[in-house]
>>> print(open('upload-v1.txt').read())   # compact mmCIF, C-alpha atoms
# COMPACT_ATOMS: atom_id res chain seq x y z
CA MET A 15 44.42 156.34 149.70
CA ILE A 16 40.71 157.03 149.45
CA GLY A 17 38.52 158.19 152.30
CA ASN A 18 35.83 155.69 153.23
CA THR A 19 33.03 158.26 153.08
CA ASP A 20 34.31 159.72 149.82
CA ALA A 21 34.28 156.31 148.15
CA VAL A 22 30.80 155.43 149.38
CA ARG A 23 29.43 158.85 148.41
CA LEU A 24 30.81 158.52 144.89
CA LEU A 25 29.36 155.04 144.41
CA ASP A 26 26.01 156.17 145.79
CA SER A 27 26.00 159.06 143.32
CA LYS A 28 26.40 156.61 140.43
CA ARG A 29 23.93 153.98 141.61
CA GLU A 30 20.77 154.87 139.65
CA ASP A 31 18.52 151.84 140.44
CA SER A 32 21.35 149.62 141.68
CA VAL A 33 21.12 147.79 144.98
CA LEU A 34 24.07 148.56 147.25
CA VAL A 35 24.97 145.52 149.38
CA ALA A 36 27.25 147.02 152.02
CA THR A 37 29.09 145.58 154.97
CA MET A 38 31.51 146.66 157.71
CA ASN A 39 33.17 150.08 157.16
CA ALA A 40 31.29 150.66 153.91
CA ASN A 41 28.15 150.26 156.00
CA ASN A 42 29.38 152.22 159.05
CA VAL A 43 26.67 154.37 160.60
CA GLY A 44 28.99 157.35 161.00
CA PHE A 45 31.02 157.28 157.82
CA GLY A 46 29.53 154.60 155.58
CA LEU A 47 26.45 154.15 153.43
CA PRO A 48 23.87 154.90 156.16
CA SER A 49 25.42 158.35 156.63
CA ILE A 50 25.18 159.48 153.02
CA THR A 51 22.68 157.28 151.16
CA THR A 52 20.32 158.89 148.69
CA LYS A 53 18.23 155.76 148.06
CA GLU A 54 17.82 153.93 151.34
CA PRO A 55 15.04 151.62 150.11
CA LEU A 56 17.61 150.00 147.81
CA ASP A 57 20.32 149.73 150.46
CA PHE A 58 21.05 146.19 151.61
CA PRO A 59 23.15 146.29 154.79
CA ILE A 60 24.70 142.94 155.66
CA SER A 61 26.00 142.10 159.11
CA GLY A 62 25.76 139.14 161.39
CA ALA A 63 27.10 136.55 158.96
CA MET A 64 30.80 136.99 158.62
CA GLY A 65 32.07 137.74 155.12
CA LYS A 66 28.86 136.90 153.31
CA ALA A 67 27.94 140.24 151.67
CA SER A 68 29.27 139.09 148.30
CA SER A 69 27.34 135.82 148.60
CA VAL A 70 24.09 137.67 149.27
CA GLY A 71 24.97 139.96 146.38
CA LEU A 72 25.48 136.99 144.09
CA GLY A 73 22.04 135.63 144.88
CA LEU A 74 20.50 139.01 144.31
CA ALA A 75 22.37 139.46 141.03
CA LEU A 76 21.09 136.11 139.77
CA ALA A 77 17.55 136.96 140.82
CA GLN A 78 17.59 140.48 139.34
CA PRO A 79 19.66 140.18 136.15
CA ASN A 80 18.47 143.51 134.74
CA ARG A 81 19.59 145.53 137.73
CA LYS A 82 23.15 146.35 138.75
CA ILE A 83 24.21 144.90 142.09
CA MET A 84 27.07 146.77 143.77
CA VAL A 85 28.68 144.89 146.66
CA LEU A 86 30.70 147.08 149.03
CA ASP A 87 32.90 144.50 150.76
CA GLY A 88 35.72 144.70 153.28
CA ASP A 89 39.12 143.04 153.10
CA GLY A 90 38.72 141.30 156.46
CA SER A 91 35.27 140.18 155.38
CA LEU A 92 36.42 138.82 152.04
CA LEU A 93 39.26 136.96 153.73
CA MET A 94 36.62 135.08 155.73
CA ASN A 95 34.89 133.93 152.56
CA LEU A 96 37.57 133.75 149.86
CA GLY A 97 35.82 130.94 148.02
CA THR A 98 33.17 133.47 147.07
CA LEU A 99 35.55 134.82 144.40
CA VAL A 100 35.37 131.52 142.56
CA THR A 101 31.71 130.82 143.30
CA LEU A 102 30.83 134.24 141.96
CA SER A 103 33.01 134.17 138.86
CA ASN A 104 31.72 130.67 138.06
CA LYS A 105 28.13 131.94 137.82
CA ALA A 106 29.44 135.13 136.20
CA PRO A 107 26.52 137.53 136.68
CA LYS A 108 26.96 140.33 134.17
CA ASN A 109 25.31 142.80 136.55
CA MET A 110 27.68 142.27 139.50
CA TYR A 111 30.17 144.93 140.66
CA HIS A 112 32.25 143.76 143.61
CA PHE A 113 34.02 146.68 145.32
CA LEU A 114 36.66 145.78 147.89
CA PHE A 115 37.25 148.41 150.57
CA ASP A 116 40.81 147.43 151.44
CA ASN A 117 41.94 149.29 154.57
CA GLY A 118 44.27 146.56 155.82
CA VAL A 119 42.71 146.34 159.28
CA TYR A 120 39.80 145.02 161.29
CA ALA A 121 38.56 148.55 161.83
CA VAL A 122 35.53 147.73 163.96
CA THR A 123 37.52 145.72 166.48
CA GLY A 124 40.24 148.25 167.15
CA GLY A 125 42.40 148.30 164.04
CA GLN A 126 44.31 145.04 164.24
CA PRO A 127 45.93 144.23 160.86
CA VAL A 128 44.20 141.60 158.74
CA PRO A 129 46.32 138.61 157.73
CA GLY A 130 48.37 139.46 154.67
CA ALA A 131 47.81 143.20 154.91
CA GLY A 132 50.08 144.85 152.38
CA LYS A 133 51.12 141.50 150.92
CA VAL A 134 47.97 140.14 149.29
CA ASP A 135 47.55 141.12 145.66
CA TRP A 136 43.79 141.43 145.39
CA GLU A 137 43.87 142.23 141.69
CA ASP A 138 45.72 139.01 140.95
CA MET A 139 43.37 137.05 143.17
CA ALA A 140 40.28 138.36 141.39
CA LYS A 141 41.85 137.83 137.97
CA GLY A 142 42.93 134.34 138.93
CA ALA A 143 39.45 133.53 140.20
CA GLY A 144 38.03 134.42 136.82
CA TYR A 145 36.32 137.81 137.15
CA ALA A 146 35.51 139.31 133.76
CA ALA A 147 37.33 142.55 134.59
CA VAL A 148 39.43 143.93 137.43
CA PHE A 149 40.16 147.57 138.34
CA SER A 150 42.19 149.14 141.12
CA PHE A 151 42.20 152.69 142.48
CA ASP A 152 44.31 154.25 145.21
CA ASN A 153 43.13 157.86 145.03
CA LEU A 154 39.79 159.60 144.78
CA GLU A 155 40.63 161.58 141.66
CA ASP A 156 41.30 158.46 139.60
CA LEU A 157 38.26 156.71 141.02
CA THR A 158 36.09 159.70 140.16
CA THR A 159 37.45 159.72 136.63
CA GLY A 160 37.27 155.96 136.16
CA ILE A 161 34.00 154.98 137.81
CA ASP A 162 31.87 155.43 134.69
CA GLN A 163 34.10 153.04 132.75
CA VAL A 164 33.90 150.54 135.61
CA LEU A 165 30.13 150.59 135.63
CA ALA A 166 29.96 150.36 131.83
CA THR A 167 32.02 147.17 131.89
CA GLN A 168 30.20 143.85 131.73
CA GLY A 169 30.43 141.92 134.98
CA PRO A 170 31.37 140.31 137.10
CA VAL A 171 33.74 143.19 137.81
CA PHE A 172 36.09 143.38 140.80
CA ILE A 173 37.21 146.83 141.94
CA HIS A 174 39.99 147.13 144.48
CA LEU A 175 39.93 150.38 146.48
CA ALA A 176 42.81 151.39 148.76
CA ILE A 177 40.91 152.92 151.67
CA THR A 178 42.23 155.00 154.58
CA PRO A 179 41.54 153.06 157.80
CA GLU A 180 39.00 154.60 160.15
CA VAL A 181 39.24 152.66 163.36
CA GLU A 182 36.42 152.44 165.89
CA ASN A 183 37.33 152.07 169.55
CA THR A 184 33.98 152.94 171.08
CA PRO A 185 32.60 149.93 172.93
CA VAL A 186 30.06 148.18 170.75
CA ALA A 187 27.25 148.77 173.22
CA PHE A 188 27.72 152.55 172.92
CA ARG A 189 28.01 152.79 169.14
CA PRO A 190 25.11 154.41 167.27
CA ARG A 191 22.81 152.00 165.48
CA ALA A 192 21.70 152.31 161.89
CA SER A 193 18.12 153.33 161.34
CA ARG A 194 17.83 150.60 158.71
CA SER A 195 18.62 147.25 160.26
CA VAL A 196 19.47 144.05 158.40
CA GLN A 197 16.06 142.71 159.37
CA THR A 198 14.32 145.80 158.05
CA ALA A 199 16.16 145.54 154.76
CA PHE A 200 15.18 141.88 154.35
CA ARG A 201 11.58 142.80 155.01
CA GLU A 202 11.38 145.92 152.86
CA LEU A 203 13.75 145.29 149.96
CA PRO A 204 11.52 142.76 148.15
CA VAL A 205 8.78 145.38 148.08
CA ALA A 206 11.17 148.04 146.81
CA LEU A 207 12.50 145.73 144.10
CA SER A 208 9.05 144.83 142.88
CA SER A 209 7.85 148.42 142.76
CA ASP A 210 11.01 150.18 141.61
CA MET B 28 31.30 92.79 148.68
CA THR B 29 28.09 94.34 149.81
CA THR B 30 25.23 95.84 147.91
CA GLN B 31 22.89 98.60 148.90
CA GLU B 32 19.27 98.48 147.98
CA THR B 33 18.20 101.56 146.09
CA VAL B 34 15.14 103.05 147.70
CA LEU B 35 15.36 106.74 146.86
CA HIS B 36 15.66 107.95 143.28
CA PRO B 37 16.87 111.45 142.41
CA ALA B 38 14.02 111.82 139.95
CA ALA B 39 11.56 111.69 142.85
CA ILE B 40 13.34 114.57 144.55
CA ILE B 41 13.60 116.63 141.41
CA GLU B 42 9.91 116.11 140.62
CA GLU B 43 9.10 117.42 144.08
CA LEU B 44 11.32 120.46 143.57
CA LYS B 45 9.64 121.16 140.22
CA LYS B 46 6.16 120.69 141.67
CA ASN B 47 6.94 123.33 144.29
CA GLU B 48 8.40 125.69 141.69
CA PHE B 49 11.83 125.99 143.22
CA THR B 50 14.04 128.05 140.92
CA HIS B 51 17.61 127.51 142.16
CA VAL B 52 19.51 124.67 143.83
CA VAL B 53 22.41 126.12 145.82
CA TRP B 54 24.66 123.21 146.61
CA LEU B 55 27.89 121.52 147.34
CA PRO B 56 27.93 117.88 146.23
CA ASP B 57 28.18 115.07 148.75
CA SER B 58 28.01 111.30 148.65
CA GLU B 59 24.30 111.21 149.56
CA THR B 60 23.29 113.45 146.67
CA ASN B 61 25.97 112.53 144.16
CA PHE B 62 23.58 110.81 141.80
CA MET B 63 21.38 113.87 141.51
CA TYR B 64 24.01 115.84 139.66
CA GLN B 65 23.35 114.68 136.12
CA LEU B 66 19.60 114.99 136.46
CA LEU B 67 19.91 118.43 138.00
CA THR B 68 22.17 119.70 135.27
CA ASN B 69 19.68 118.47 132.67
CA GLU B 70 16.66 120.09 134.33
CA PRO B 71 16.06 123.48 132.70
CA SER B 72 13.69 124.76 135.36
CA LEU B 73 16.33 124.50 138.09
CA ASP B 74 19.41 126.73 138.04
CA LEU B 75 22.35 125.10 139.82
CA VAL B 76 24.53 127.37 141.94
CA PRO B 77 27.60 125.40 143.04
CA VAL B 78 29.57 126.81 145.97
CA CYS B 79 33.05 126.34 147.39
CA ARG B 80 31.97 126.15 151.04
CA GLU B 81 28.56 125.39 152.52
CA GLY B 82 28.26 128.62 154.51
CA GLU B 83 27.84 130.45 151.22
CA THR B 84 24.62 128.62 150.44
CA MET B 85 22.30 130.30 152.95
CA ALA B 86 23.69 133.72 152.02
CA ILE B 87 23.23 133.16 148.29
CA ALA B 88 19.76 131.79 148.99
CA ALA B 89 18.99 134.92 151.01
CA GLY B 90 19.86 137.11 148.05
CA LEU B 91 17.83 134.97 145.68
CA TRP B 92 14.84 135.06 148.02
CA VAL B 93 14.95 138.83 148.47
CA GLY B 94 15.21 139.11 144.70
CA GLY B 95 12.00 137.15 144.22
CA LYS B 96 13.25 133.62 143.54
CA LYS B 97 12.64 130.37 145.40
CA PRO B 98 15.95 128.64 146.22
CA VAL B 99 16.61 125.35 147.96
CA VAL B 100 19.90 124.46 149.61
CA LEU B 101 21.42 121.01 149.11
CA ILE B 102 24.40 120.12 151.30
CA GLN B 103 25.67 117.41 153.66
CA ASN B 104 25.20 117.41 157.43
CA THR B 105 28.88 118.24 157.83
CA GLY B 106 28.11 121.41 155.87
CA ILE B 107 25.44 122.37 158.38
CA PHE B 108 28.12 122.39 161.06
CA GLU B 109 30.30 124.62 158.89
CA SER B 110 27.41 126.98 158.17
CA GLY B 111 26.44 127.96 161.69
CA ASP B 112 26.90 131.70 161.41
CA SER B 113 25.11 131.89 158.06
CA ILE B 114 22.14 129.90 159.34
CA ARG B 115 21.94 132.13 162.39
CA GLY B 116 22.56 135.49 160.74
CA LEU B 117 20.98 135.06 157.32
CA GLY B 118 18.44 132.35 158.03
CA LEU B 119 16.97 132.55 161.50
CA ASP B 120 17.60 136.24 162.26
CA VAL B 121 16.10 137.49 158.99
CA ASN B 122 13.18 135.04 158.89
CA GLN B 123 14.22 133.37 155.65
CA PRO B 124 11.72 130.61 154.70
CA LEU B 125 14.46 128.32 153.43
CA VAL B 126 14.28 124.58 152.75
CA MET B 127 17.64 122.90 153.30
CA LEU B 128 18.09 119.39 151.90
CA VAL B 129 20.77 117.83 154.06
CA GLY B 130 22.58 114.59 153.33
CA TYR B 131 22.42 112.54 156.52
CA ARG B 132 25.94 111.11 156.40
CA GLY B 133 26.40 108.31 158.88
CA TRP B 134 22.70 107.63 159.50
CA SER B 135 22.51 103.92 160.26
CA ARG B 136 18.87 103.43 161.34
CA HIS B 137 19.79 100.87 163.97
CA GLY B 138 21.17 102.95 166.81
CA ILE B 139 24.85 102.16 166.34
CA THR B 140 26.14 105.39 164.85
CA PRO B 141 29.92 105.67 164.79
CA ASP B 142 29.92 108.77 162.55
CA SER B 143 29.76 111.91 164.70
CA ALA B 144 28.29 113.81 161.74
CA ALA B 145 25.16 111.70 162.21
CA ARG B 146 25.23 111.71 165.99
CA PHE B 147 25.31 115.49 166.29
CA ILE B 148 23.12 116.76 163.47
CA GLU B 149 19.70 116.36 165.06
CA HIS B 150 20.97 117.85 168.34
CA ILE B 151 22.29 120.88 166.46
CA LEU B 152 18.99 121.37 164.64
CA HIS B 153 17.13 121.08 167.94
CA ALA B 154 19.47 123.64 169.52
CA TRP B 155 18.68 126.15 166.78
CA GLY B 156 14.97 125.38 166.89
CA ILE B 157 15.03 124.22 163.28
CA SER B 158 12.36 121.67 162.37
CA TYR B 159 13.34 118.76 160.19
CA TYR B 160 11.89 115.91 158.18
CA LEU B 161 13.51 112.62 157.15
CA ILE B 162 13.28 111.09 153.68
CA GLU B 163 14.61 107.66 152.83
CA THR B 164 12.42 106.40 150.00
CA ASP B 165 10.59 107.79 147.00
CA ASP B 166 7.41 107.65 149.04
CA ASP B 167 8.92 110.18 151.46
CA ALA B 168 9.64 112.83 148.83
CA GLY B 169 6.39 114.63 149.63
CA ARG B 170 7.96 115.71 152.90
CA ILE B 171 9.85 118.33 150.91
CA THR B 172 6.47 119.93 150.32
CA SER B 173 5.68 119.68 154.02
CA ALA B 174 9.00 121.32 154.82
CA LEU B 175 8.34 124.15 152.39
CA GLU B 176 4.88 124.72 153.81
CA GLU B 177 6.32 124.90 157.31
CA ALA B 178 9.15 127.21 156.23
CA GLU B 179 6.69 129.61 154.62
CA ARG B 180 4.19 129.38 157.49
CA THR B 181 6.83 130.05 160.16
CA SER B 182 9.25 132.21 158.11
CA LYS B 183 12.14 130.06 159.25
CA PRO B 184 14.60 127.61 157.71
CA VAL B 185 13.46 123.98 157.76
CA ALA B 186 15.70 120.98 157.11
CA VAL B 187 14.98 117.79 155.17
CA LEU B 188 17.44 115.06 156.12
CA VAL B 189 18.22 112.72 153.24
CA GLY B 190 18.78 109.45 155.05
CA THR B 191 20.02 107.29 152.23
CA GLU B 192 22.32 107.58 149.26
CA PHE B 193 20.51 108.19 146.03
CA GLY B 194 20.34 105.38 143.52
CA ALA B 195 20.62 105.81 139.80
>>> encode(input="upload-v1.txt", output="structure tokens")
Amino acid sequence: MIGNTDAVRLLDSKREDSVLVATMNANNVGFGLPSITTKEPLDFPISGAMGKASSVGLGLALAQPNRKIMVLDGDGSLLMNLGTLVTLSNKAPKNMYHFLFDNGVYAVTGGQPVPGAGKVDWEDMAKGAGYAAVFSFDNLEDLTTGIDQVLATQGPVFIHLAITPEVENTPVAFRPRASRSVQTAFRELPVALSSD
Amino acid sequence: MTTQETVLHPAAIIEELKKNEFTHVVWLPDSETNFMYQLLTNEPSLDLVPVCREGETMAIAAGLWVGGKKPVVLIQNTGIFESGDSIRGLGLDVNQPLVMLVGYRGWSRHGITPDSAARFIEHILHAWGISYYLIETDDDAGRITSALEEAERTSKPVAVLVGTEFGA
């Protein structure tokens, strides 16, 4: 299994001018992208529309074909929007890298298992949907070794990551808030993209 | 056997989309917009983005918009019901100036409206505070421009209800 923070930190270190579209645990204030980012102006946090990070990422990938778009998705999120696998592979953006943070649980609601946890074969699903390439990693060492090959592969690429669950039980009202809100990102990202 | 008079041509809609320099049509086909498909696929200035479920459309449009493009969504009123969380979270909450062309399934024009998709749609749009325009003939196509102007002026989604099935 791969630690959530370790995975996000590694992807951030390889981003160059990529936009990171992150949701749920990958975007957790304490142990996700906001806690380690080195290029916040190109971070695109997505919350408030269940399971739609990959859809936003698809639009961005089509609009910015010369820039890598790295979507950091969750398994519970993707289950809410499974059709996105086909929608995305149908348009086949070569600059799209769809990372699935598969921790098997709804971590932000107390750790309840997602439907099909441990049964769903995400690699087969992505292959069957038509992604150009599919990778899977279950430990940090292999991910560290393999990430350059992943990002050198023409998209759309699906990357399954077996992530150690980090469950939040703090009441939502008492959880720390990210300094960069979804609204801020929508307002500032167009400027960053045009000037970067 | 009944016939339906053709009063709205897809070419009129597409000309309006081209005039306003829309770049992408994010859509899921429906009976009201069925006849647009061939024209859309043959129009090089408009990139079609077909989806599997309508709630994807506002999210994809959001990404396109942030990336500097000008998308329009084309779905049926039933798809608006399905898309509630996307419209709220990635339309209204982030101030996306999005034009949504919405097939007005069940619109009868005479007050007897057995289709609940037609009975509820305007109430839902009112509840969300989303303005809307109605087009039924070629002469109405300019309301797409009005909708775009309002969307950009208010930084909010605006709907255009397509109240008749397109003719060939």
>>> closest_residue(input="upload-v1.txt", among="B:Ala186, B:Leu91, B:Ala145, B:Val34", to="chain A", atoms="all atoms listed in the file")
B:Leu91
>>> residues_near_point(input="upload-v1.txt", point="(11.5, 138.1, 143.1)", cutoff="8 Å", atoms="only C-alpha atoms", output="ChimeraX atom specification")
/A:77-78,204,207-208 /B:91-96
>>> residues_around(input="upload-v1.txt", residues="Ser195 in chain A", least_positions_apart="3", cutoff="10 Å", atoms="only C-alpha atoms", output="number ranges by chain")
A: 58-61, 191-192, 198-201
>>> residues_around(input="upload-v1.txt", residues="Asp31 in chain A", least_positions_apart="4", cutoff="12 Å", atoms="all atoms listed in the file", output="PyMOL selection string")
chain A and resi 25-27+52-57+78+80-84+109+206-207+209-210
>>> closest_residue(input="upload-v1.txt", among="A:Ala143, A:Val196, A:Leu24, A:Ala36", to="chain B", atoms="only C-alpha atoms")
A:Val196
>>> residues_around(input="upload-v1.txt", residues="Ala89 in chain B", least_positions_apart="5", cutoff="12 Å", atoms="all atoms listed in the file", output="PDB file with C-alpha atoms, in the coordinates of the input")
ATOM      1  CA  PHE A  58      21.050 146.190 151.610  1.00  0.00           C
ATOM      2  CA  ILE A  60      24.700 142.940 155.660  1.00  0.00           C
ATOM      3  CA  ALA A  63      27.100 136.550 158.960  1.00  0.00           C
ATOM      4  CA  LYS A  66      28.860 136.900 153.310  1.00  0.00           C
ATOM      5  CA  ALA A  67      27.940 140.240 151.670  1.00  0.00           C
ATOM      6  CA  SER A  68      29.270 139.090 148.300  1.00  0.00           C
ATOM      7  CA  SER A  69      27.340 135.820 148.600  1.00  0.00           C
ATOM      8  CA  VAL A  70      24.090 137.670 149.270  1.00  0.00           C
ATOM      9  CA  GLY A  71      24.970 139.960 146.380  1.00  0.00           C
ATOM     10  CA  LEU A  72      25.480 136.990 144.090  1.00  0.00           C
ATOM     11  CA  GLY A  73      22.040 135.630 144.880  1.00  0.00           C
ATOM     12  CA  LEU A  74      20.500 139.010 144.310  1.00  0.00           C
ATOM     13  CA  ALA A  75      22.370 139.460 141.030  1.00  0.00           C
ATOM     14  CA  LEU A  76      21.090 136.110 139.770  1.00  0.00           C
ATOM     15  CA  ALA A  77      17.550 136.960 140.820  1.00  0.00           C
ATOM     16  CA  VAL A 196      19.470 144.050 158.400  1.00  0.00           C
ATOM     17  CA  GLN A 197      16.060 142.710 159.370  1.00  0.00           C
ATOM     18  CA  ALA A 199      16.160 145.540 154.760  1.00  0.00           C
ATOM     19  CA  PHE A 200      15.180 141.880 154.350  1.00  0.00           C
ATOM     20  CA  ARG A 201      11.580 142.800 155.010  1.00  0.00           C
ATOM     21  CA  LEU A 203      13.750 145.290 149.960  1.00  0.00           C
ATOM     22  CA  PRO A 204      11.520 142.760 148.150  1.00  0.00           C
TER      23      PRO A 204
ATOM     24  CA  HIS B  51      17.610 127.510 142.160  1.00  0.00           C
ATOM     25  CA  VAL B  53      22.410 126.120 145.820  1.00  0.00           C
ATOM     26  CA  GLY B  82      28.260 128.620 154.510  1.00  0.00           C
ATOM     27  CA  GLU B  83      27.840 130.450 151.220  1.00  0.00           C
ATOM     28  CA  THR B  84      24.620 128.620 150.440  1.00  0.00           C
ATOM     29  CA  GLY B  94      15.210 139.110 144.700  1.00  0.00           C
ATOM     30  CA  GLY B  95      12.000 137.150 144.220  1.00  0.00           C
ATOM     31  CA  LYS B  96      13.250 133.620 143.540  1.00  0.00           C
ATOM     32  CA  LYS B  97      12.640 130.370 145.400  1.00  0.00           C
ATOM     33  CA  PRO B  98      15.950 128.640 146.220  1.00  0.00           C
ATOM     34  CA  VAL B  99      16.610 125.350 147.960  1.00  0.00           C
ATOM     35  CA  VAL B 100      19.900 124.460 149.610  1.00  0.00           C
ATOM     36  CA  SER B 113      25.110 131.890 158.060  1.00  0.00           C
ATOM     37  CA  ILE B 114      22.140 129.900 159.340  1.00  0.00           C
ATOM     38  CA  GLY B 116      22.560 135.490 160.740  1.00  0.00           C
ATOM     39  CA  LEU B 117      20.980 135.060 157.320  1.00  0.00           C
ATOM     40  CA  GLY B 118      18.440 132.350 158.030  1.00  0.00           C
ATOM     41  CA  LEU B 119      16.970 132.550 161.500  1.00  0.00           C
ATOM     42  CA  ASP B 120      17.600 136.240 162.260  1.00  0.00           C
ATOM     43  CA  VAL B 121      16.100 137.490 158.990  1.00  0.00           C
ATOM     44  CA  ASN B 122      13.180 135.040 158.890  1.00  0.00           C
ATOM     45  CA  GLN B 123      14.220 133.370 155.650  1.00  0.00           C
ATOM     46  CA  PRO B 124      11.720 130.610 154.700  1.00  0.00           C
ATOM     47  CA  LEU B 125      14.460 128.320 153.430  1.00  0.00           C
ATOM     48  CA  VAL B 126      14.280 124.580 152.750  1.00  0.00           C
ATOM     49  CA  LYS B 183      12.140 130.060 159.250  1.00  0.00           C
ATOM     50  CA  PRO B 184      14.600 127.610 157.710  1.00  0.00           C
TER      51      PRO B 184
END
>>> atom_distance(input="upload-v1.txt", atom1="CA of Val78 in chain B", atom2="CA of Gln103 in chain B")
12.8 Å
>>> closest_residue(input="upload-v1.txt", among="A:Ala140, A:Pro129, A:Asp116, A:Asp135", to="Phe172 in chain A", atoms="all atoms listed in the file")
A:Ala140
>>> atom_distance(input="upload-v1.txt", atom1="CA of Tyr160 in chain B", atom2="CA of Glu177 in chain B")
10.6 Å
